[in-house]
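Next comes my_file.txt, with compact mmCIF, C-alpha atoms.
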```txt
# COMPACT_ATOMS: atom_id res chain seq x y z
CA MET H 713 -71.48 17.80 28.37
CA ASP H 714 -67.92 16.48 28.15
CA VAL H 715 -66.26 14.62 31.02
CA ARG H 716 -64.03 17.55 31.96
CA ALA H 717 -66.99 19.94 32.25
CA GLU H 718 -68.90 17.30 34.23
CA VAL H 719 -66.05 16.96 36.74
CA VAL H 720 -65.75 20.75 37.05
CA ASP H 721 -69.49 20.91 37.84
CA ILE H 722 -69.14 18.15 40.44
CA LEU H 723 -66.16 19.85 42.12
CA ALA H 724 -67.96 23.20 42.22
CA GLY H 725 -70.46 21.61 44.60
CA PHE H 726 -67.83 20.29 47.06
CA SER H 727 -67.02 22.38 50.12
CA LEU H 728 -63.28 21.65 49.74
CA PHE H 729 -63.23 23.58 46.45
CA ALA H 730 -66.05 26.08 47.11
CA ASP H 731 -63.72 29.08 46.93
CA LEU H 732 -62.20 28.24 43.54
CA THR H 733 -63.23 29.97 40.34
CA THR H 734 -64.29 28.01 37.27
CA PRO H 735 -60.85 28.48 35.62
CA GLU H 736 -59.18 27.26 38.84
CA LEU H 737 -61.47 24.21 38.90
CA GLU H 738 -60.65 23.52 35.25
CA ASN H 739 -56.93 23.71 36.10
CA LEU H 740 -57.51 21.36 39.02
CA VAL H 741 -59.14 18.80 36.70
CA ASP H 742 -56.09 19.05 34.44
CA THR H 743 -53.72 18.65 37.42
CA PHE H 744 -55.38 15.63 39.07
CA ASP H 745 -55.73 12.18 37.52
CA GLU H 746 -58.98 10.23 37.63
CA GLN H 747 -59.22 6.62 38.83
CA VAL H 748 -62.09 4.19 39.20
CA PHE H 749 -62.08 1.39 41.79
CA SER H 750 -64.31 -1.68 41.80
CA GLU H 751 -66.62 -2.68 44.62
CA GLY H 752 -64.59 -4.26 47.42
CA GLU H 753 -61.27 -3.00 46.09
CA ARG H 754 -58.86 -1.60 48.66
CA VAL H 755 -57.78 1.85 47.52
CA VAL H 756 -55.45 2.45 50.48
CA ARG H 757 -53.97 -0.29 52.67
CA GLN H 758 -53.40 0.18 56.39
CA GLY H 759 -49.72 0.02 57.31
CA LEU H 760 -48.49 0.06 53.73
CA SER H 761 -47.13 3.07 51.94
CA SER H 762 -49.60 5.30 50.20
CA ALA H 763 -48.54 8.21 48.10
CA SER H 764 -51.68 9.93 46.84
CA PHE H 765 -54.44 12.33 47.83
CA TYR H 766 -57.93 11.25 46.77
CA VAL H 767 -61.17 13.21 46.32
CA ILE H 768 -64.31 11.11 45.84
CA LEU H 769 -66.39 12.14 42.82
CA ASP H 770 -68.90 9.26 42.79
CA GLY H 771 -69.55 6.20 44.92
CA ALA H 772 -68.77 5.42 48.53
CA ALA H 773 -65.91 3.94 50.52
CA THR H 774 -65.45 2.50 53.98
CA ILE H 775 -62.75 3.55 56.44
CA ARG H 776 -61.62 0.29 58.06
CA VAL H 777 -59.18 0.27 60.99
CA ASP H 778 -57.80 -3.08 62.17
CA GLY H 779 -60.63 -4.85 60.35
CA LYS H 780 -63.37 -2.75 61.96
CA ASP H 781 -65.50 -0.45 59.80
CA ARG H 782 -65.39 3.05 61.26
CA ALA H 783 -67.03 5.44 58.80
CA THR H 784 -68.28 5.90 55.27
CA LEU H 785 -66.81 8.36 52.78
CA ARG H 786 -69.04 9.88 50.10
CA PRO H 787 -68.68 12.30 47.17
CA GLY H 788 -66.85 15.41 48.28
CA ASP H 789 -64.89 13.56 50.97
CA PHE H 790 -61.14 13.16 50.66
CA PHE H 791 -58.48 10.83 52.05
CA GLY H 792 -54.78 10.06 51.86
CA GLU H 793 -53.69 13.59 52.79
CA ILE H 794 -52.22 12.66 56.17
CA SER H 795 -49.97 9.96 54.72
CA CYS H 796 -48.88 12.33 51.95
CA LEU H 797 -48.14 15.23 54.26
CA LEU H 798 -46.37 13.18 56.94
CA GLY H 799 -44.71 10.64 54.66
CA GLU H 800 -46.09 7.83 56.82
CA ALA H 801 -48.09 4.69 56.12
CA PRO H 802 -51.89 4.98 56.37
CA VAL H 803 -53.56 4.03 59.64
CA ALA H 804 -56.66 2.67 57.89
CA ASP H 805 -57.82 0.75 54.86
CA ILE H 806 -60.08 2.60 52.45
CA VAL H 807 -62.34 0.09 50.69
CA ALA H 808 -64.73 0.84 47.83
CA GLN H 809 -68.31 -0.01 48.89
CA LYS H 810 -69.43 0.13 45.27
CA GLN H 811 -67.75 1.47 42.17
CA LEU H 812 -65.71 4.44 43.36
CA ARG H 813 -64.59 7.30 41.12
CA CYS H 814 -61.87 9.59 42.48
CA LEU H 815 -59.62 12.42 41.47
CA VAL H 816 -56.08 11.56 42.51
CA LEU H 817 -53.07 13.79 43.11
CA PRO H 818 -49.63 12.24 43.68
CA GLY H 819 -48.37 12.92 47.19
CA GLU H 820 -45.31 14.83 46.02
CA SER H 821 -47.62 17.36 44.34
CA LEU H 822 -49.94 17.91 47.32
CA GLU H 823 -47.87 20.52 49.17
CA ARG H 824 -47.38 22.62 46.03
CA PHE H 825 -51.10 22.40 45.26
CA LEU H 826 -52.16 23.41 48.79
CA VAL H 827 -49.67 26.29 49.03
CA GLY H 828 -50.96 27.55 45.68
CA HIS H 829 -54.58 27.35 46.89
CA PRO H 830 -54.69 28.69 50.47
CA ARG H 831 -58.50 28.58 50.69
CA VAL H 832 -58.43 24.87 49.79
CA LEU H 833 -55.73 24.44 52.44
CA PHE H 834 -57.98 26.14 55.01
CA ARG H 835 -60.95 23.93 54.08
CA LEU H 836 -58.71 20.85 54.24
CA LEU H 837 -57.69 21.90 57.76
CA GLN H 838 -61.35 22.22 58.70
CA GLY H 839 -61.84 18.68 57.41
CA GLU H 840 -58.90 17.49 59.50
CA ALA H 841 -60.45 19.07 62.58
CA ARG H 842 -63.67 17.18 61.92
CA LYS H 843 -61.68 13.94 61.51
CA VAL H 844 -59.91 14.50 64.84
CA ARG H 845 -63.27 15.07 66.51
CA THR H 846 -64.67 11.87 64.98
CA THR H 847 -61.60 9.85 65.92
CA THR H 848 -61.83 11.12 69.48
CA ARG H 849 -65.41 9.84 69.59
CA TRP H 850 -64.23 6.42 68.34
CA LEU H 851 -61.77 6.21 71.22
CA THR H 852 -64.29 7.07 73.94
```
As structure tokens:
Amino acid sequence: MDVRAEVVDILAGFSLFADLTTPELENLVDTFDEQVFSEGERVVRQGLSSASFYVILDGAATIRVDGKDRATLRPGDFFGEISCLLGEAPVADIVAQKQLRCLVLPGESLERFLVGHPRVLFRLLQGEARKVRTTTRWLT
């Protein structure tokens, strides 16, 4: 199996992309870039500009706020969308726990992608709701 077909198969199992057809998933793979991060590498830095949307394919990452580990991200999870959509610096570090493989979409392309894929937009909003709920638990 080639790498492109492998990534399409991986994405087909993620809830964020569950409503996309195989040709749409293949187009997504062609639209996004792929990046690999080493264990301990900071993918996103709190307070510094970040301009990409990430979807984890393999590996795990830690959400770290003000030096405190808050949660773990795993395959199928995504991050960076809030900074991209609001044009603001991230409020957390994202640190690779082990080798981390991600699909990456530049921030300026995120709105166009989401508008073109309303079911992905809806699932992203569901993910945001879950993040708000989790954050609220952190604060209590």
Practice prompt. Please provide as a list in words all residues within 7 Å of stretch 836-850 of chain H, with the sequence filter that same-chain residues fewer than 3 positions apart are discarded (counting only C-alpha atoms).
Written response: Leu728, Val832 and Leu833 of chain H
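With all atoms listed in the file as the atoms that count, the minimum distance from H:Ile775 to the choices H:Val827, H:Leu798, H:Ala804, H:Leu732 is reached by H:Ala804.
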Worksheet entry | Near-stretch 749-756 of chain H list (6 Å; all atoms listed in the file; drop same-chain fewer than 2 positions) as number ranges by chain | H: 805-812
Item to complete: Might you pull out every residue within 12 Å of H:Glu718, with only C-alpha atoms counted and same-chain residues fewer than 4 positions away left off, and present them as a ChimeraX atom specification?
Response: /H:713-714,722-725,737-738,741,769-770
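Distances here use all atoms listed in the file; by that measure, the residue among H:Phe744, H:Asp781, H:Asp731, H:Gln758 closest to H:Ala801 is H:Gln758.
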Worksheet item: Nearest to H:Arg757: which of H:Pro735, H:Pro802, H:Pro787, H:Gly771 is it, counting only C-alpha atoms?
Response: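 Among the listed residues, the smallest separation from H:Arg757 belongs to H:Pro802.
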Discussion item. Using all atoms listed in the file, can you tell me which of H:Gly779, H:Gly828, H:Gly759, H:Gly788 comes closest to H:Val719?
Written reply: H:Gly788
Worksheet item: When distances are computed from only C-alpha atoms, which of H:His829, H:Arg786, H:Arg835, H:Arg813 shows the smallest separation from H:Leu740?
Response: H:His829
Item to complete: Rounded to one decimal place, report the atom CA of H:Leu822-atom CA of H:Thr743 distance in Å.
Response: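 Between atom CA of H:Leu822 and atom CA of H:Thr743 the gap is 10.6 Å.
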Show me a table, sorted first by chain and then by increasing residue number, of the residues of stretch 725-778 of chain H having an atom at most 7 Å from stretch 790-796 of chain H, each with its shortest atom pair and the distance in Å to one decimal, counting only C-alpha atoms and written as JSON lines.
```
{"residue": "H:Ser762", "atom": "CA", "partner": "H:Ser795", "partner_atom": "CA", "distance": 6.5}
{"residue": "H:Ala763", "atom": "CA", "partner": "H:Cys796", "partner_atom": "CA", "distance": 5.6}
{"residue": "H:Ser764", "atom": "CA", "partner": "H:Gly792", "partner_atom": "CA", "distance": 5.9}
{"residue": "H:Phe765", "atom": "CA", "partner": "H:Gly792", "partner_atom": "CA", "distance": 4.6}
{"residue": "H:Tyr766", "atom": "CA", "partner": "H:Phe791", "partner_atom": "CA", "distance": 5.3}
{"residue": "H:Val767", "atom": "CA", "partner": "H:Phe790", "partner_atom": "CA", "distance": 4.3}
{"residue": "H:Ile768", "atom": "CA", "partner": "H:Phe790", "partner_atom": "CA", "distance": 6.1}
```
Practice prompt. Could you jot down the atom CA of H:Val777 to atom CA of H:Arg824 separation for me, Å, one decimal place?
Written response: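 Atom CA of H:Val777 sits 29.4 Å away from atom CA of H:Arg824.
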Item to complete: Between atom CA of H:Lys780 and atom CA of H:Leu851, measure the distance and give it in Å to one decimal.
Response: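 Straight-line distance from atom CA of H:Lys780 to atom CA of H:Leu851 works out to 13.0 Å.
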